[in-house]
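For reference, the structure is listed below as structure tokens.
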Amino acid sequence: MQLQQKQLPKTSPEQKTMYNILLIIGFVHLLNDTIQAVVPAMFPILQQSMGLTFTQLGFIAFALNLTSSLIQPVVGYYTDKKPSPYALPIGLCFTFVGVLGIAFASSFWLVIISVILIGVGSATFHPEGSRVAYMAAGTRRGTAQSIYQVGGNAGQALAPLITVLIIVPFGQFGAIWFTLLAALGIGLLIYIARWYSEQVAQVAKKKIVQKKKAEINPQTRKIVIYAITLLVFLVFARSWFHAGISNFYVFYLMEQFQLSVDQALIYIFIFLAAGAFGTFAGGPLADRYGKRNILMLSMLGSAPLALLLPHVGPLLSYVLLGAIGFIILSSFSVSVVYAQELVPGKIGMVSGLIVGLAFGMGAIGSVALGIVADWIGLTNTMLFVVALPLLGILTFFLPTDEKLREINE
């Protein structure tokens, strides 16, 4: 009896990890990001059907990422002040309409409008999805964030494979099948929204405590601003690399090795699938070896392999892409948890800043890389892309995990 009484606080509602909620929100993250990642995976199809240039493809990626990522901090800032559980299913309704639009689009501008709608749905989902993962985490924040984030990375990884199976055989109209994924996601998010509504009062109390806690140490403000700025820049560099591989490496493969579209997309699938495994592994590794260490390893560890990539044949490229994807995306969930600990009490805004704004800066990279590819060719463009992980040297200037703990005290 005494043993049971001592164990009781460990299973209190506030500390209990809600794995059922985490698995559902992670699965919806998979559905959402599968739909979003199908857009760049469709680039070869859209190029063939509409005769689009690399610059136009870059602008499509820019429109998608601008709406899906850059406005996430705004959504997160608003929902930090006023939690909006039913924004989750409502947002995915925009995605549903956007997918319909892509299936029937007959011009470049109709594609732009459609991807903007998909982007709005994604921008609404991500910060609120991160909040749901945070509320359901209990004492396992790293694990919870990994479960949530790995859903998104798995969705991105599945997109090229699904494109090979659906879009390549059926063409642009094959996108209509993704409305089923959107509809399934809407149904699951209605269930999540009901659970979320029940947690609002508890989350509000926690937020007040965390806000007061952050305000006790105003002298750390400069350190926090500096660290967040540097972290955003590092994720920005990682997103440029990610955009270069996921959006344009397929064309590089087709040009260098005369591969077909479906053959080239398999390489992108390997890169993104390995990245999904890396995302899941990153959280537990960071818990054991430190968040900053994993952030550092993810970029500097992938740098030599990335630099080697343009100089190997098609067979070795499979191996290198898998290794690079696993290593460089191992910091995906870690960067979010690192930022959340820097700014406690601002879960939505910080999650939107790291997952949204910083990753969405890859949208600018997509446009820039598209213009550069039209200007100097794909080979020279890829030489620039594979050098980006070298910027990981800047992680030495991030506050250590010990300093993070001091900030939270």
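Labeling convention for the structure tokens: chains A, B, ... as they appear, residues from 1 per chain, ligands from 1 in order of appearance.
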Discussion item. Show me, as a ChimeraX atom specification, the residues that have an atom within 10 Å of Trp195 (chain A) when counting only C-alpha atoms, minus same-chain residues fewer than 5 positions from it.
Written reply: /A:21,85,132,189-190,200
Exercise: Tyr77 (chain A) partners within 8 Å, only C-alpha atoms, chain neighbours under 2 positions left out, as a CSV table (one decimal) with N, CA and C atoms, in the first residue's frame:
```
chain,number,residue,atom,x,y,z
A,73,PRO,N,4.9,31.5,-37.1
A,73,PRO,CA,5.1,32.2,-35.8
A,73,PRO,C,3.9,33.2,-35.5
A,74,VAL,N,3.3,33.7,-36.5
A,74,VAL,CA,2.1,34.6,-36.2
A,74,VAL,C,1.0,33.8,-35.7
A,75,VAL,N,0.7,32.7,-36.3
A,75,VAL,CA,-0.4,31.8,-35.8
A,75,VAL,C,0.0,31.3,-34.4
A,79,THR,N,-2.2,32.0,-30.9
A,79,THR,CA,-2.8,30.9,-30.2
A,79,THR,C,-2.1,30.7,-28.8
A,80,ASP,N,-0.9,31.3,-28.6
A,80,ASP,CA,-0.3,31.3,-27.2
A,80,ASP,C,-1.2,32.2,-26.3
A,81,LYS,N,-1.8,33.3,-26.9
A,81,LYS,CA,-2.6,34.1,-26.1
A,81,LYS,C,-4.1,33.6,-26.1
A,346,LYS,N,6.2,30.0,-24.4
A,346,LYS,CA,5.8,30.5,-25.7
A,346,LYS,C,5.9,29.4,-26.7
A,348,GLY,N,3.7,27.9,-28.8
A,348,GLY,CA,3.2,28.0,-30.2
A,348,GLY,C,4.1,28.9,-31.0
A,349,MET,N,4.5,30.1,-30.5
A,349,MET,CA,5.3,31.0,-31.2
A,349,MET,C,6.7,30.5,-31.5
```
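The space between CA of Pro44 (chain A) and CA of Phe59 (chain A) spans 14.5 Å.
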Excluding same-chain residues fewer than 6 positions from Leu231 (chain A), what lies within 8 Å of it counting only C-alpha atoms, as an mmCIF file with C-alpha atoms, in the first residue's frame?
```cif
data_model
loop_
_atom_site.group_PDB
_atom_site.id
_atom_site.type_symbol
_atom_site.label_atom_id
_atom_site.label_comp_id
_atom_site.auth_asym_id
_atom_site.auth_seq_id
_atom_site.Cartn_x
_atom_site.Cartn_y
_atom_site.Cartn_z
ATOM 1 C CA SER A 335 16.104 22.211 -32.497
ATOM 2 C CA ALA A 339 14.122 26.591 -28.625
ATOM 3 C CA LEU A 398 25.178 28.219 -29.063
#
```
Fill in: Selection near Leu265 (chain A), 9 Å with only C-alpha atoms, sequence-local residues under 5 positions removed, as a PyMOL selection string
chain A and resi 41+160-161+163-164+250+260+270
May I have the selected residues written with C-alpha atoms, as a compact mmCIF listing (two decimals), in the first residue's frame?
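Result file is selection.txt:
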```
# COMPACT_ATOMS: atom_id res chain seq x y z
CA ALA A 41 7.50 15.86 -55.91
CA PRO A 160 8.11 10.87 -53.78
CA LEU A 161 7.16 7.20 -53.48
CA THR A 163 4.15 10.28 -56.62
CA VAL A 164 5.78 7.36 -58.43
CA VAL A 250 15.96 14.93 -58.97
CA SER A 260 13.65 8.58 -65.62
CA ILE A 270 15.72 7.38 -49.59
```
Fill in: Nearest-residue call for Pro304 (chain A), choices A:Ile324, A:Ala87, A:Ile112, A:Ala63, using only C-alpha atoms
A:Ile324
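Among A:Arg194, A:Lys16, A:His126, A:Lys403, the residue with the shortest atom-to-atom distance to Ile223 (chain A), counting only C-alpha atoms, is A:Lys403.
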Worksheet entry | Coordinates-based distance that separates CA of Gln48 (chain A) from CA of Pro169 (chain A) (Å, one decimal) | 13.6 Å
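Here CA of Ala227 (chain A) stands at a distance of 13.9 Å from CA of Arg405 (chain A).
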Any chance you could tabulate, as JSON lines, the residues of region 50-165 of chain A at most 8 Å from region 278-298 of chain A with each one's nearest atom pair and distance in Å to one decimal, using only C-alpha atoms, in chain and rising number order?
```
{"residue": "A:Gly142", "atom": "CA", "partner": "A:Gly283", "partner_atom": "CA", "distance": 5.1}
{"residue": "A:Thr143", "atom": "CA", "partner": "A:Gly283", "partner_atom": "CA", "distance": 6.0}
{"residue": "A:Gln145", "atom": "CA", "partner": "A:Gly283", "partner_atom": "CA", "distance": 7.6}
{"residue": "A:Ser146", "atom": "CA", "partner": "A:Phe280", "partner_atom": "CA", "distance": 5.1}
{"residue": "A:Ile147", "atom": "CA", "partner": "A:Phe280", "partner_atom": "CA", "distance": 6.7}
{"residue": "A:Gln149", "atom": "CA", "partner": "A:Thr279", "partner_atom": "CA", "distance": 7.0}
{"residue": "A:Val150", "atom": "CA", "partner": "A:Phe280", "partner_atom": "CA", "distance": 5.5}
{"residue": "A:Asn153", "atom": "CA", "partner": "A:Thr279", "partner_atom": "CA", "distance": 7.4}
```
Using only C-alpha atoms, what table do you get, as CSV, when you list each residue of region 126-221 of chain A with an atom no more than 9 Å from region 22-35 of chain A, its nearest pair of atoms, and their distance in Å rounded to one decimal, rows by chain then rising number?
```
residue,atom,partner,partner_atom,distance
A:His126,CA,A:His29,CA,8.0
A:Gly129,CA,A:Ile25,CA,6.6
A:Ser130,CA,A:Ile25,CA,8.9
A:Val132,CA,A:Ile25,CA,7.5
A:Ala133,CA,A:Leu22,CA,5.9
A:Ala136,CA,A:Leu22,CA,6.5
A:Ala137,CA,A:Leu22,CA,7.8
A:Ala144,CA,A:Leu22,CA,6.6
A:Gln145,CA,A:Leu22,CA,8.7
A:Ile147,CA,A:Gly26,CA,6.0
A:Tyr148,CA,A:Gly26,CA,4.2
A:Gln149,CA,A:Gly26,CA,6.9
A:Val150,CA,A:Gly26,CA,7.1
A:Gly151,CA,A:Leu30,CA,4.3
A:Gly152,CA,A:Leu30,CA,4.6
A:Asn153,CA,A:Leu30,CA,7.2
A:Ala154,CA,A:Leu30,CA,6.0
A:Gly155,CA,A:Thr34,CA,4.1
A:Gln156,CA,A:Thr34,CA,5.2
A:Ala157,CA,A:Thr34,CA,7.7
A:Leu158,CA,A:Thr34,CA,6.4
A:Ala159,CA,A:Thr34,CA,5.2
A:Ile162,CA,A:Thr34,CA,8.8
A:Ala175,CA,A:Ile35,CA,9.0
A:Phe178,CA,A:Ile35,CA,6.6
A:Thr179,CA,A:Ile35,CA,8.8
A:Leu181,CA,A:Leu31,CA,6.0
A:Ala182,CA,A:Leu31,CA,7.0
A:Leu184,CA,A:Val28,CA,8.4
A:Gly185,CA,A:Val28,CA,5.4
A:Ile186,CA,A:Val28,CA,8.6
A:Leu188,CA,A:Ile24,CA,7.2
A:Leu189,CA,A:Val28,CA,7.6
A:Ile192,CA,A:Ile25,CA,7.5
```
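Distance check against Thr124 (chain A) using only C-alpha atoms: of A:Arg238, A:Leu165, A:Val99, A:Ser69, the minimum falls on A:Ser69.
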Worksheet entry | Nearby residues (only C-alpha atoms) at most 10 Å from Val350 (chain A), same-chain spacing under 2 positions excluded, as a PyMOL selection string | chain A and resi 72-73+76-77+80+127+130+228+336-348+352-357
Print the selection's residues with C-alpha atoms to a file, as a tab-separated table (two decimals), in the first residue's frame.
```tsv
chain	number	residue	atom	x	y	z
A	72	GLN	CA	3.51	29.98	-38.51
A	73	PRO	CA	5.06	32.23	-35.83
A	76	GLY	CA	1.65	30.51	-32.81
A	77	TYR	CA	1.81	33.98	-31.22
A	80	ASP	CA	-0.32	31.33	-27.25
A	127	PRO	CA	2.13	25.39	-34.30
A	130	SER	CA	3.33	21.25	-31.58
A	228	ILE	CA	17.38	32.09	-30.97
A	336	VAL	CA	12.44	22.63	-31.51
A	337	VAL	CA	12.97	21.35	-27.95
A	338	TYR	CA	16.12	23.49	-27.64
A	339	ALA	CA	14.12	26.59	-28.62
A	340	GLN	CA	11.23	25.70	-26.30
A	341	GLU	CA	13.64	25.53	-23.37
A	342	LEU	CA	15.15	28.88	-24.36
A	343	VAL	CA	11.73	30.56	-24.32
A	344	PRO	CA	9.48	28.63	-21.88
A	345	GLY	CA	5.80	29.58	-21.97
A	346	LYS	CA	5.79	30.50	-25.70
A	347	ILE	CA	5.28	27.04	-27.15
A	348	GLY	CA	3.24	28.03	-30.20
A	352	GLY	CA	6.28	28.28	-35.38
A	353	LEU	CA	9.57	30.16	-35.41
A	354	ILE	CA	11.75	27.06	-35.69
A	355	VAL	CA	9.54	24.67	-37.66
A	356	GLY	CA	7.84	27.44	-39.61
A	357	LEU	CA	9.85	30.59	-40.15
```
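Closest approach to Ile167 (chain A) from the set A:Val372, A:Ile102, A:Leu378, A:Leu321 is made by A:Ile102, with distances taken over only C-alpha atoms.
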Worksheet item: Could you name the residues that touch Gly392 (chain A) at 10 Å or less, counting only C-alpha atoms, but leaving out those on the same chain fewer than 2 positions away, as a PyMOL selection string?
Response: chain A and resi 234-235+237-238+295-303+388-390+394-396
Go ahead and dump the residues you just picked, N, CA and C atoms, as an mmCIF file, in the first residue's frame.
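Heads up, here's the output in out_12.cif:
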```cif
data_model
loop_
_atom_site.group_PDB
_atom_site.id
_atom_site.type_symbol
_atom_site.label_atom_id
_atom_site.label_comp_id
_atom_site.auth_asym_id
_atom_site.auth_seq_id
_atom_site.Cartn_x
_atom_site.Cartn_y
_atom_site.Cartn_z
ATOM 1 N N LEU A 234 20.860 28.674 -38.347
ATOM 2 C CA LEU A 234 21.327 27.315 -38.603
ATOM 3 C C LEU A 234 20.234 26.456 -39.240
ATOM 4 N N VAL A 235 19.016 26.598 -38.732
ATOM 5 C CA VAL A 235 17.909 25.848 -39.332
ATOM 6 C C VAL A 235 17.622 26.379 -40.734
ATOM 7 N N ALA A 237 19.925 27.498 -42.821
ATOM 8 C CA ALA A 237 20.924 26.875 -43.689
ATOM 9 C C ALA A 237 20.553 25.422 -43.982
ATOM 10 N N ARG A 238 20.092 24.721 -42.950
ATOM 11 C CA ARG A 238 19.674 23.329 -43.150
ATOM 12 C C ARG A 238 18.508 23.240 -44.122
ATOM 13 N N LEU A 295 22.841 18.944 -32.320
ATOM 14 C CA LEU A 295 22.729 20.001 -33.322
ATOM 15 C C LEU A 295 24.036 20.143 -34.104
ATOM 16 N N MET A 296 25.152 20.103 -33.390
ATOM 17 C CA MET A 296 26.470 20.233 -34.018
ATOM 18 C C MET A 296 26.768 19.042 -34.918
ATOM 19 N N LEU A 297 26.537 17.836 -34.382
ATOM 20 C CA LEU A 297 26.829 16.616 -35.130
ATOM 21 C C LEU A 297 25.988 16.507 -36.391
ATOM 22 N N SER A 298 24.744 16.967 -36.335
ATOM 23 C CA SER A 298 23.837 16.783 -37.466
ATOM 24 C C SER A 298 24.333 17.508 -38.720
ATOM 25 N N MET A 299 24.953 18.670 -38.539
ATOM 26 C CA MET A 299 25.431 19.421 -39.699
ATOM 27 C C MET A 299 26.883 19.089 -40.032
ATOM 28 N N LEU A 300 27.768 19.148 -39.036
ATOM 29 C CA LEU A 300 29.175 18.876 -39.308
ATOM 30 C C LEU A 300 29.409 17.414 -39.671
ATOM 31 N N GLY A 301 28.607 16.509 -39.110
ATOM 32 C CA GLY A 301 28.747 15.100 -39.441
ATOM 33 C C GLY A 301 28.313 14.778 -40.858
ATOM 34 N N SER A 302 27.346 15.544 -41.375
ATOM 35 C CA SER A 302 26.863 15.309 -42.736
ATOM 36 C C SER A 302 27.671 16.064 -43.791
ATOM 37 N N ALA A 303 28.449 17.072 -43.368
ATOM 38 C CA ALA A 303 29.160 17.929 -44.319
ATOM 39 C C ALA A 303 30.106 17.166 -45.250
ATOM 40 N N LEU A 388 26.565 23.775 -47.866
ATOM 41 C CA LEU A 388 25.820 24.447 -46.800
ATOM 42 C C LEU A 388 25.983 23.824 -45.416
ATOM 43 N N PRO A 389 26.066 22.478 -45.278
ATOM 44 C CA PRO A 389 26.233 21.918 -43.926
ATOM 45 C C PRO A 389 27.495 22.385 -43.207
ATOM 46 N N LEU A 390 28.474 22.931 -43.929
ATOM 47 C CA LEU A 390 29.683 23.442 -43.281
ATOM 48 C C LEU A 390 29.373 24.581 -42.311
ATOM 49 N N LEU A 394 29.002 26.932 -36.705
ATOM 50 C CA LEU A 394 28.468 28.002 -35.850
ATOM 51 C C LEU A 394 27.766 27.465 -34.608
ATOM 52 N N THR A 395 27.462 26.168 -34.577
ATOM 53 C CA THR A 395 26.807 25.609 -33.384
ATOM 54 C C THR A 395 27.708 25.692 -32.157
ATOM 55 N N PHE A 396 29.017 25.858 -32.357
ATOM 56 C CA PHE A 396 29.923 26.034 -31.223
ATOM 57 C C PHE A 396 29.560 27.268 -30.395
#
```
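With distances restricted to only C-alpha atoms, A:Ser366 is the closest residue to Leu64 (chain A) from A:Val168, A:Ile45, A:Ala274, A:Ser366.
Near Asn380 (chain A), within a cut-off of 12 Å and counting only C-alpha atoms, sit the residues A:Gly244, A:Tyr249, A:Tyr252, A:Pro310, A:Leu369, A:Val372, A:Ala373, A:Asp374, A:Trp375, A:Val385, A:Val386, A:Ala387, with same-chain residues fewer than 5 positions away left out.
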